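**Student:** Got a structure for you, protein21.cif, holding mmCIF, C-alpha atoms and all ligand atoms.
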```
data_final
#
loop_
_atom_site.label_atom_id
_atom_site.label_comp_id
_atom_site.auth_asym_id
_atom_site.auth_seq_id
_atom_site.Cartn_x
_atom_site.Cartn_y
_atom_site.Cartn_z
CA MET S 46 -169.39 -206.15 -39.36
CA LYS S 47 -165.70 -207.02 -39.05
CA THR S 48 -164.47 -203.51 -38.21
CA PHE S 49 -161.14 -204.93 -37.02
CA GLN S 50 -160.22 -205.31 -40.68
CA LEU S 51 -160.45 -201.57 -41.28
CA LYS S 52 -157.09 -199.92 -40.64
CA ILE S 53 -157.99 -196.44 -39.52
CA GLU S 54 -155.29 -193.90 -38.68
CA GLU S 55 -155.74 -190.78 -36.58
CA ASN S 56 -154.48 -187.21 -37.06
CA LYS S 57 -152.62 -188.13 -40.21
CA ASP S 58 -150.77 -185.60 -42.34
CA ILE S 59 -152.30 -186.05 -45.81
CA SER S 60 -150.93 -182.85 -47.41
CA HIS S 61 -149.18 -184.82 -50.17
CA PHE S 62 -152.53 -186.04 -51.56
CA PHE S 63 -153.57 -182.52 -52.59
CA THR S 64 -152.28 -180.87 -55.75
CA LEU S 65 -152.52 -177.42 -54.12
CA LYS S 66 -149.88 -178.59 -51.61
CA THR S 67 -151.18 -176.88 -48.49
CA LYS S 68 -150.91 -178.47 -45.05
CA VAL S 69 -153.81 -180.88 -44.39
CA ILE S 70 -154.39 -183.13 -41.38
CA ALA S 71 -157.11 -185.79 -41.43
CA ARG S 72 -158.84 -186.46 -38.10
CA TYR S 73 -159.30 -190.09 -39.27
CA PHE S 74 -157.86 -191.70 -42.39
CA PHE S 75 -158.55 -194.91 -44.29
CA GLU S 76 -157.32 -196.22 -47.64
CA ALA S 77 -159.96 -198.07 -49.69
CA LYS S 78 -158.72 -200.63 -52.19
CA THR S 79 -161.87 -202.58 -53.02
CA ARG S 80 -165.61 -202.19 -53.53
CA GLU S 81 -166.12 -203.89 -50.13
CA ASP S 82 -163.78 -201.38 -48.47
CA LEU S 83 -165.97 -198.52 -49.71
CA ILE S 84 -169.15 -200.22 -48.45
CA ASN S 85 -167.65 -201.22 -45.09
CA ILE S 86 -166.09 -197.83 -44.35
CA LYS S 87 -169.44 -196.15 -45.01
CA LYS S 88 -171.08 -198.64 -42.58
CA TYR S 89 -168.37 -197.89 -40.04
CA SER S 90 -168.83 -194.12 -40.38
CA LEU S 91 -172.58 -194.50 -39.77
CA GLU S 92 -172.00 -196.78 -36.79
CA LYS S 93 -169.45 -194.41 -35.22
CA LYS S 94 -171.30 -191.27 -36.37
CA ILE S 95 -168.20 -189.83 -38.00
CA PRO S 96 -168.81 -187.92 -41.24
CA ILE S 97 -167.00 -189.44 -44.20
CA PHE S 98 -165.12 -187.64 -46.98
CA ILE S 99 -164.05 -189.43 -50.17
CA LEU S 100 -160.72 -188.26 -51.51
CA GLY S 101 -159.85 -189.01 -55.12
CA GLY S 102 -156.76 -187.37 -56.58
CA GLY S 103 -157.17 -184.24 -54.41
CA SER S 104 -156.89 -182.07 -57.54
CA ASN S 105 -160.06 -180.04 -57.06
CA ILE S 106 -160.03 -179.35 -53.33
CA ALA S 107 -158.71 -176.35 -51.39
CA VAL S 108 -158.51 -177.07 -47.68
CA LEU S 109 -158.69 -173.65 -46.08
CA SER S 110 -159.18 -174.98 -42.56
CA GLY S 111 -155.92 -176.96 -42.45
CA LYS S 112 -157.72 -179.88 -40.83
CA LEU S 113 -160.39 -182.23 -42.14
CA ASP S 114 -162.58 -183.24 -39.23
CA TYR S 115 -163.77 -186.27 -41.16
CA LEU S 116 -163.03 -189.88 -41.76
CA VAL S 117 -161.07 -189.21 -44.95
CA VAL S 118 -161.19 -192.17 -47.33
CA LYS S 119 -158.41 -192.17 -49.93
CA ASN S 120 -159.91 -194.05 -52.84
CA ASN S 121 -157.33 -196.39 -54.37
CA TYR S 122 -159.85 -198.91 -55.70
CA LEU S 123 -158.49 -200.04 -59.09
CA LYS S 124 -160.46 -202.15 -61.54
CA LEU S 125 -160.93 -202.03 -65.30
CA GLU S 126 -162.78 -204.77 -67.11
CA ILE S 127 -164.40 -205.07 -70.54
CA ILE S 128 -167.80 -206.62 -69.77
CA ASP S 129 -169.30 -206.67 -73.26
CA GLU S 130 -168.15 -205.76 -76.77
CA ASN S 131 -168.91 -205.96 -80.47
CA GLU S 132 -166.84 -204.88 -83.49
CA LYS S 133 -167.75 -201.20 -82.95
CA GLU S 134 -167.85 -200.58 -79.22
CA ALA S 135 -167.16 -201.94 -75.75
CA LYS S 136 -168.82 -201.65 -72.36
CA VAL S 137 -166.12 -201.16 -69.77
CA LEU S 138 -166.52 -201.30 -66.01
CA ILE S 139 -164.13 -198.85 -64.35
CA SER S 140 -163.61 -198.36 -60.63
CA SER S 141 -163.85 -194.92 -59.05
CA GLY S 142 -160.29 -194.88 -57.73
CA TYR S 143 -158.83 -195.40 -61.20
CA PRO S 144 -156.48 -192.52 -62.11
CA VAL S 145 -157.66 -190.72 -65.25
CA SER S 146 -154.11 -190.67 -66.68
CA LEU S 147 -153.82 -194.46 -66.40
CA LEU S 148 -157.34 -194.90 -67.80
CA ILE S 149 -156.42 -192.93 -70.93
CA ALA S 150 -153.18 -194.86 -71.38
CA LYS S 151 -155.11 -198.16 -71.06
CA SER S 152 -157.90 -197.07 -73.42
CA ILE S 153 -155.38 -196.04 -76.08
CA ASP S 154 -153.68 -199.39 -75.65
CA LYS S 155 -156.99 -201.24 -76.07
CA GLY S 156 -158.10 -199.05 -79.02
CA LEU S 157 -161.08 -197.60 -77.12
CA GLY S 158 -162.03 -193.97 -77.69
CA GLY S 159 -164.08 -191.68 -75.45
CA PHE S 160 -161.80 -190.36 -72.73
CA GLU S 161 -158.84 -189.13 -74.78
CA TYR S 162 -159.68 -185.41 -74.73
CA HIS S 163 -159.24 -185.55 -70.94
CA GLN S 164 -155.55 -186.31 -71.39
CA GLY S 165 -153.77 -184.24 -68.73
CA LEU S 166 -156.78 -184.15 -66.37
CA PRO S 167 -155.42 -185.06 -62.94
CA GLY S 168 -157.35 -187.14 -60.41
CA THR S 169 -159.56 -190.20 -60.42
CA VAL S 170 -162.66 -191.40 -62.25
CA GLY S 171 -164.76 -190.83 -59.08
CA GLY S 172 -163.68 -187.20 -58.76
CA ALA S 173 -164.23 -186.58 -62.48
CA ILE S 174 -167.79 -187.97 -62.26
CA TYR S 175 -168.54 -186.00 -59.07
CA MET S 176 -167.40 -182.77 -60.80
CA ASN S 177 -168.47 -183.85 -64.32
CA SER S 178 -165.05 -182.57 -65.37
CA LYS S 179 -164.85 -181.05 -68.80
CA TRP S 180 -162.64 -180.19 -71.72
CA THR S 181 -163.47 -177.41 -74.13
CA LYS S 182 -161.74 -178.24 -77.44
CA PRO S 183 -164.12 -179.89 -78.35
CA LEU S 184 -166.59 -179.56 -75.46
CA THR S 185 -166.53 -182.95 -73.73
CA TYR S 186 -167.70 -183.94 -70.26
CA PHE S 187 -166.36 -186.87 -68.30
CA GLY S 188 -169.88 -188.22 -67.72
CA ASP S 189 -170.68 -188.29 -71.46
CA ASN S 190 -169.99 -192.01 -71.97
CA LEU S 191 -171.40 -193.31 -68.69
CA ILE S 192 -174.24 -195.83 -69.05
CA GLU S 193 -174.79 -196.98 -65.50
CA ALA S 194 -173.04 -196.99 -62.15
CA PHE S 195 -172.84 -198.55 -58.71
CA LEU S 196 -173.07 -196.21 -55.73
CA VAL S 197 -172.94 -196.60 -51.97
CA ASP S 198 -175.94 -194.68 -50.70
CA LYS S 199 -176.54 -192.80 -47.44
CA SER S 200 -177.50 -195.99 -45.58
CA SER S 201 -174.39 -197.82 -46.89
CA SER S 202 -176.31 -199.99 -49.37
CA LEU S 203 -174.93 -200.64 -52.82
CA LYS S 204 -177.30 -199.40 -55.52
CA LYS S 205 -177.29 -199.48 -59.30
CA VAL S 206 -178.35 -196.36 -61.18
CA ASN S 207 -178.41 -195.34 -64.82
CA ARG S 208 -176.84 -192.24 -66.40
CA ASP S 209 -179.99 -190.09 -66.06
CA TYR S 210 -179.73 -190.33 -62.28
CA PHE S 211 -176.64 -188.09 -62.29
CA ASN S 212 -178.35 -184.99 -63.76
CA PHE S 213 -175.03 -184.09 -65.34
CA ALA S 214 -174.52 -180.39 -66.17
CA TYR S 215 -171.64 -177.90 -66.26
CA ASP S 216 -169.46 -178.71 -63.21
CA TYR S 217 -172.35 -180.71 -61.75
CA SER S 218 -173.51 -184.21 -60.92
CA ILE S 219 -176.17 -185.28 -58.40
CA LEU S 220 -173.41 -186.72 -56.16
CA GLN S 221 -172.68 -183.14 -55.02
CA LYS S 222 -176.16 -183.16 -53.44
CA THR S 223 -176.57 -186.78 -52.32
CA LYS S 224 -172.97 -187.32 -51.13
CA GLU S 225 -173.28 -190.93 -52.25
CA ILE S 226 -170.06 -192.76 -53.05
CA PHE S 227 -169.38 -193.49 -56.71
CA VAL S 228 -167.99 -197.03 -56.69
CA GLU S 229 -167.86 -198.17 -60.31
CA GLY S 230 -169.14 -196.92 -63.64
CA VAL S 231 -169.96 -198.76 -66.84
CA PHE S 232 -168.88 -196.66 -69.84
CA LEU S 233 -169.60 -197.17 -73.53
CA LEU S 234 -166.40 -196.63 -75.53
CA LYS S 235 -165.96 -196.62 -79.30
CA LYS S 236 -163.42 -198.85 -81.01
CA ASP S 237 -160.95 -196.90 -83.11
CA LYS S 238 -157.38 -197.07 -84.39
CA LYS S 239 -154.91 -196.60 -81.53
CA GLU S 240 -152.99 -193.94 -83.50
CA GLU S 241 -156.17 -191.88 -84.03
CA ILE S 242 -157.09 -191.96 -80.33
CA LYS S 243 -153.50 -191.11 -79.41
CA LYS S 244 -153.49 -188.20 -81.85
CA ARG S 245 -156.58 -186.69 -80.20
CA ALA S 246 -155.11 -187.24 -76.72
CA ASN S 247 -151.83 -185.57 -77.75
CA PHE S 248 -153.72 -182.66 -79.29
CA ALA S 249 -155.58 -182.05 -76.01
CA LEU S 250 -152.41 -182.35 -73.94
CA SER S 251 -150.36 -179.99 -76.09
CA TYR S 252 -153.21 -177.44 -76.11
CA ARG S 253 -153.37 -177.73 -72.31
CA LYS S 254 -149.61 -177.25 -72.02
CA THR S 255 -149.65 -174.07 -74.10
CA THR S 256 -152.67 -172.48 -72.36
CA GLN S 257 -152.26 -173.57 -68.72
CA PRO S 258 -149.40 -173.61 -66.24
CA TYR S 259 -148.11 -177.18 -66.10
CA GLY S 260 -146.34 -179.08 -63.30
CA VAL S 261 -147.14 -176.48 -60.63
CA ALA S 262 -149.09 -176.72 -57.35
CA THR S 263 -152.65 -175.75 -58.29
CA CYS S 264 -156.28 -176.97 -58.38
CA GLY S 265 -156.76 -176.05 -62.03
CA CYS S 266 -159.47 -173.46 -62.73
CA PHE S 267 -160.41 -172.02 -59.37
CA PHE S 268 -163.67 -170.26 -60.28
CA GLN S 269 -166.64 -171.25 -62.42
CA ASN S 270 -167.23 -169.36 -65.64
CA PRO S 271 -170.17 -167.11 -64.71
CA GLY S 272 -172.92 -167.34 -67.35
CA GLY S 273 -170.44 -168.78 -69.83
CA VAL S 274 -168.01 -165.81 -69.51
CA SER S 275 -164.44 -166.92 -68.87
CA ALA S 276 -163.50 -166.32 -65.22
CA GLY S 277 -159.87 -166.20 -66.38
CA TYR S 278 -160.71 -163.31 -68.73
CA LEU S 279 -162.47 -161.40 -65.91
CA ILE S 280 -159.54 -161.89 -63.51
CA ASP S 281 -157.02 -160.94 -66.21
CA LYS S 282 -158.96 -157.78 -67.14
CA SER S 283 -159.11 -156.87 -63.45
CA GLY S 284 -155.33 -156.53 -63.68
CA LEU S 285 -154.56 -159.52 -61.48
CA LYS S 286 -152.31 -161.73 -63.65
CA GLY S 287 -149.21 -162.45 -61.57
CA PHE S 288 -150.74 -160.85 -58.44
CA LYS S 289 -149.29 -162.49 -55.34
CA VAL S 290 -150.24 -162.80 -51.67
CA GLY S 291 -147.58 -164.62 -49.64
CA GLY S 292 -146.93 -167.91 -51.40
CA PHE S 293 -150.06 -167.88 -53.61
CA TYR S 294 -150.31 -166.09 -56.95
CA VAL S 295 -152.52 -165.74 -60.02
CA SER S 296 -150.83 -167.53 -62.92
CA GLN S 297 -149.36 -165.36 -65.69
CA ILE S 298 -150.38 -168.01 -68.24
CA HIS S 299 -154.03 -168.54 -67.21
CA ALA S 300 -155.60 -166.10 -64.74
CA ASN S 301 -158.11 -168.66 -63.39
CA PHE S 302 -155.22 -170.81 -62.11
CA ILE S 303 -154.08 -170.00 -58.58
CA VAL S 304 -150.65 -171.39 -57.88
CA ASN S 305 -148.82 -172.20 -54.65
CA ASP S 306 -145.08 -171.47 -54.94
CA GLY S 307 -144.55 -174.05 -52.19
CA SER S 308 -144.57 -171.67 -49.26
CA GLY S 309 -148.30 -170.80 -49.44
CA LYS S 310 -150.27 -170.60 -46.18
CA LYS S 311 -154.03 -170.91 -46.00
CA GLU S 312 -154.26 -167.27 -44.83
CA ASP S 313 -152.49 -166.16 -48.05
CA LEU S 314 -154.98 -168.08 -50.17
CA LEU S 315 -157.98 -166.68 -48.28
CA LYS S 316 -156.69 -163.13 -48.76
CA LEU S 317 -155.95 -163.67 -52.46
CA LEU S 318 -159.43 -165.13 -53.08
CA GLU S 319 -161.02 -162.15 -51.34
CA ILE S 320 -159.01 -159.68 -53.47
CA ILE S 321 -159.87 -161.49 -56.72
CA LYS S 322 -163.59 -161.61 -55.92
CA ASN S 323 -163.69 -157.95 -54.85
CA LYS S 324 -161.79 -156.68 -57.91
CA VAL S 325 -163.96 -158.65 -60.36
CA LYS S 326 -167.13 -157.51 -58.56
CA GLU S 327 -165.94 -153.88 -58.65
CA LYS S 328 -165.01 -153.92 -62.33
CA PHE S 329 -167.71 -156.15 -63.85
CA ASN S 330 -170.38 -156.37 -61.13
CA ILE S 331 -170.03 -160.16 -61.32
CA GLN S 332 -169.78 -162.39 -58.26
CA LEU S 333 -167.28 -165.20 -58.88
CA GLU S 334 -168.14 -168.60 -57.39
CA GLU S 335 -165.57 -171.29 -56.68
CA GLU S 336 -165.44 -174.35 -58.91
CA VAL S 337 -162.99 -175.93 -56.49
CA VAL S 338 -164.39 -177.76 -53.44
CA ILE S 339 -163.62 -175.54 -50.43
CA MET S 340 -163.15 -177.29 -47.09
C1 LIG S 401 -153.45 -178.95 -63.40
C2 LIG S 401 -154.93 -179.17 -63.29
C3 LIG S 401 -155.71 -179.19 -64.43
C4 LIG S 401 -157.08 -179.39 -64.35
N1 LIG S 401 -157.81 -179.41 -65.50
C5 LIG S 401 -159.15 -179.58 -65.43
C6 LIG S 401 -159.94 -179.62 -66.64
O1 LIG S 401 -159.44 -179.53 -67.75
N2 LIG S 401 -161.28 -179.77 -66.50
C7 LIG S 401 -161.88 -179.88 -65.29
O2 LIG S 401 -163.10 -180.02 -65.23
N3 LIG S 401 -161.17 -179.89 -64.14
C8 LIG S 401 -159.82 -179.74 -64.19
N4 LIG S 401 -159.09 -179.76 -63.03
C9 LIG S 401 -159.76 -179.97 -61.72
C10 LIG S 401 -159.73 -181.45 -61.25
O3 LIG S 401 -158.59 -182.09 -61.72
C11 LIG S 401 -160.94 -182.25 -61.71
O4 LIG S 401 -162.13 -181.70 -61.18
C12 LIG S 401 -160.84 -183.74 -61.32
O5 LIG S 401 -161.73 -184.49 -62.11
C13 LIG S 401 -161.09 -184.00 -59.84
O6 LIG S 401 -160.81 -185.37 -59.58
P1 LIG S 401 -160.14 -185.84 -58.22
O7 LIG S 401 -160.14 -187.32 -58.21
O8 LIG S 401 -158.84 -185.17 -58.02
O9 LIG S 401 -161.21 -185.31 -57.17
P2 LIG S 401 -160.91 -184.75 -55.70
O10 LIG S 401 -160.28 -183.41 -55.83
O11 LIG S 401 -160.23 -185.76 -54.89
O12 LIG S 401 -162.40 -184.58 -55.17
C14 LIG S 401 -163.28 -183.63 -55.72
C15 LIG S 401 -164.67 -183.89 -55.13
O13 LIG S 401 -165.15 -185.14 -55.61
C16 LIG S 401 -165.55 -185.97 -54.53
N5 LIG S 401 -165.27 -187.36 -54.89
C17 LIG S 401 -164.08 -187.87 -55.31
N6 LIG S 401 -164.21 -189.19 -55.55
C18 LIG S 401 -165.49 -189.52 -55.27
C19 LIG S 401 -166.23 -190.75 -55.30
N7 LIG S 401 -165.68 -191.91 -55.69
N8 LIG S 401 -167.53 -190.72 -54.93
C20 LIG S 401 -168.11 -189.55 -54.53
N9 LIG S 401 -167.46 -188.37 -54.47
C21 LIG S 401 -166.17 -188.35 -54.83
C22 LIG S 401 -164.72 -185.50 -53.35
O14 LIG S 401 -165.32 -185.86 -52.12
C23 LIG S 401 -164.68 -183.99 -53.60
O15 LIG S 401 -165.86 -183.41 -53.08
C24 LIG S 401 -157.70 -179.58 -63.09
C25 LIG S 401 -156.90 -179.58 -61.93
C26 LIG S 401 -155.54 -179.39 -62.02
C27 LIG S 401 -154.70 -179.43 -60.77
#
```
Using structure tokens, write down the structure from this file.
Ligand SMILES: Cc1cc2nc3c(=O)[nH]c(=O)nc-3n(C[C@H](O)[C@H](O)[C@H](O)COP(=O)(O)OP(=O)(O)OC[C@H]3O[C@@H](n4cnc5c(N)ncnc54)[C@H](O)[C@@H]3O)c2cc1C
**Tutor:**
Amino acid sequence: MKTFQLKIEENKDISHFFTLKTKVIARYFFEAKTREDLINIKKYSLEKKIPIFILGGGSNIAVLSGKLDYLVVKNNYLKLEIIDENEKEAKVLISSGYPVSLLIAKSIDKGLGGFEYHQGLPGTVGGAIYMNSKWTKPLTYFGDNLIEAFLVDKSSSLKKVNRDYFNFAYDYSILQKTKEIFVEGVFLLKKDKKEEIKKRANFALSYRKTTQPYGVATCGCFFQNPGGVSAGYLIDKSGLKGFKVGGFYVSQIHANFIVNDGSGKKEDLLKLLEIIKNKVKEKFNIQLEEEVVIM
């Protein structure tokens, strides 16, 4: 393997890649721009016995340790190609590093519907498949339109799998267990009038803007909805809206959003999470579990 081609940096400050805006140092760092980069960096990590961590848009990760003792791979692999189509639908191959915002803009432009309710979802296609990210009005999951995908498996081989492989569920895909790398997905999208797709995208975005804090440093919903009950409701009814520890606070607009005012330290966040969990447990006898990936 030509490892000399892999530009790996050490002890790199990667704080700016995370929407929560806490301080994060990567022990090793690599930027992947192609399918081959993703395969080769996995090979390299096995060869050097360094655990690998794939970073998409960093919008669902809270780094509480301050340092990632991993080979962090920032996924900037961009590819979007219509591979088959008829008058009603199109099969589109989309790379994992593709930003969801750009994907929606492109699909509106091409008159392809299927992703538009995720308008406003930060991050990449890979992260959205890993989390099976969702939207509730109407209930839509990011994995809904996936037909098949290419993954890099544990031994660094490229493998093709179909949708069933992912075992998609609420906040879940099999990648959370296998830690395989999602490289590309083939999605089936429906042809529609651009204005209609745009209307649905705008509806989702304006609903998001009225119900969630927008343009702030956050990971989105921090906790999973236990048994379908809204975690935001439980936190709100525990009297915690606006509650602040250091630089971190519970949003006044949506109580499941934890926001960093810019000065937040990891210790503040840890304390705030503990208080939220204890108060909700005390009041409702419900144990909140994080939706966000904690590192
Ligand atoms: C303002 C805001 C609003 C949000 N709204 C929503 C919402 O409406 N619905 C919702 O579900 N979530 C929401 N989120 C959470 C988050 O944006 C989503 O979960 C998003 O899809 C994560 O994508 P990402 O690329 O940022 O993943 P990251 O945060 O970078 O990574 C998340 C996990 O996925 C893994 N991963 C990333 N790429 C790959 C890959 N190619 N292969 C294998 N594993 C990979 C990472 O290793 C990590 O474990 C919101 C977050 C914010 C900040």
**Student:** Which residue is closest to ligand LIG 401 (chain S)? Choose from S:Phe227, S:Phe211, S:Phe195, S:Phe75 and count all atoms listed in the file.
**Tutor:**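 Closest to ligand LIG 401 (chain S) of all the choices is S:Phe227.
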**Student:** Select, from S:Ile153, S:Ala214, S:Leu123, S:Val197, the residue with the minimum atom-to-atom distance to Thr169 (chain S), counting only C-alpha atoms.
**Tutor:**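 Closest candidate: S:Leu123.
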**Student:** From the options S:Ser275, S:Tyr259, S:Val228, S:Lys179, which residue's atoms come nearest to Lys204 (chain S), counting all atoms listed in the file?
**Tutor:**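 Once distances to Lys204 (chain S) are computed over all atoms listed in the file, the minimum belongs to S:Val228.
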**Student:** Identify, on the basis of all atoms listed in the file, every residue whose closest approach to region 51-54 of chain S does not exceed 12 Å; exclude the query and any residue fewer than 6 positions from it along the same chain; express the result as a ChimeraX atom specification.
**Tutor:** /S:70-79,81-90,115-119
**Student:** Show me which residues line ligand LIG 401 (chain S), defined as having an atom within 6 Å of a ligand atom where all atoms listed in the file count, and present them as a PyMOL selection string.
**Tutor:** chain S and resi 64+98-106+141+166-169+171-173+175-176+178-180+225-228+263-265+338
**Student:** For Leu279 (chain S), which residue out of S:Leu250, S:Ile128, S:Ile331, S:Leu234 is the nearest one, using all atoms listed in the file?
**Tutor:**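 Among the listed residues, the smallest separation from Leu279 (chain S) belongs to S:Ile331.
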**Student:** Quick one: of S:Lys311, S:Ser251, S:Phe329, S:Asp281, who's nearest to Val69 (chain S), counting all atoms listed in the file?
**Tutor:** S:Lys311
**Student:** For Ile298 (chain S), which residue out of S:Gly111, S:Lys254, S:Asn270, S:Ile321 is the nearest one, using only C-alpha atoms?
**Tutor:**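 Using only C-alpha atoms, the shortest distance to Ile298 (chain S) belongs to S:Lys254.
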**Student:** Quick one: residues within 9 Å of (-172.2, -185.5, -61.7) (file frame), counting all atoms listed in the file, please, as a CSV table (one decimal) with C-alpha atoms, in the frame of the given file.
**Tutor:**
```csv
chain,number,residue,atom,x,y,z
S,173,ALA,CA,-164.2,-186.6,-62.5
S,174,ILE,CA,-167.8,-188.0,-62.3
S,175,TYR,CA,-168.5,-186.0,-59.1
S,176,MET,CA,-167.4,-182.8,-60.8
S,177,ASN,CA,-168.5,-183.8,-64.3
S,178,SER,CA,-165.0,-182.6,-65.4
S,187,PHE,CA,-166.4,-186.9,-68.3
S,188,GLY,CA,-169.9,-188.2,-67.7
S,210,TYR,CA,-179.7,-190.3,-62.3
S,211,PHE,CA,-176.6,-188.1,-62.3
S,212,ASN,CA,-178.4,-185.0,-63.8
S,213,PHE,CA,-175.0,-184.1,-65.3
S,214,ALA,CA,-174.5,-180.4,-66.2
S,215,TYR,CA,-171.6,-177.9,-66.3
S,216,ASP,CA,-169.5,-178.7,-63.2
S,217,TYR,CA,-172.4,-180.7,-61.8
S,218,SER,CA,-173.5,-184.2,-60.9
S,219,ILE,CA,-176.2,-185.3,-58.4
S,220,LEU,CA,-173.4,-186.7,-56.2
S,221,GLN,CA,-172.7,-183.1,-55.0
```
**Student:** For region 323-325 of chain S, find every residue with an atom within 9 Å (counting all atoms listed in the file), except residues of its own chain fewer than 5 positions away, and show them as an MDAnalysis selection string.
**Tutor:** chainID S and resid 279:280 282:285 318 330:333
**Student:** So how many Å separate CA of Leu233 (chain S) and CA of Gly156 (chain S), to one decimal?
**Tutor:**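 Separation of CA of Leu233 (chain S) and CA of Gly156 (chain S): 12.9 Å.
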**Student:** One number please: CA of Glu229 (chain S) to CA of Arg80 (chain S), in Å, one decimal.
**Tutor:** 8.2 Å
**Student:** Just the residues within 8 Å of Lys124 (chain S), please, counting all atoms listed in the file, with nothing from its chain fewer than 3 positions along; format it as a list of chain:residue names.
**Tutor:**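 The filter keeps S:Leu138, S:Ile139, S:Ser140, S:Tyr143.
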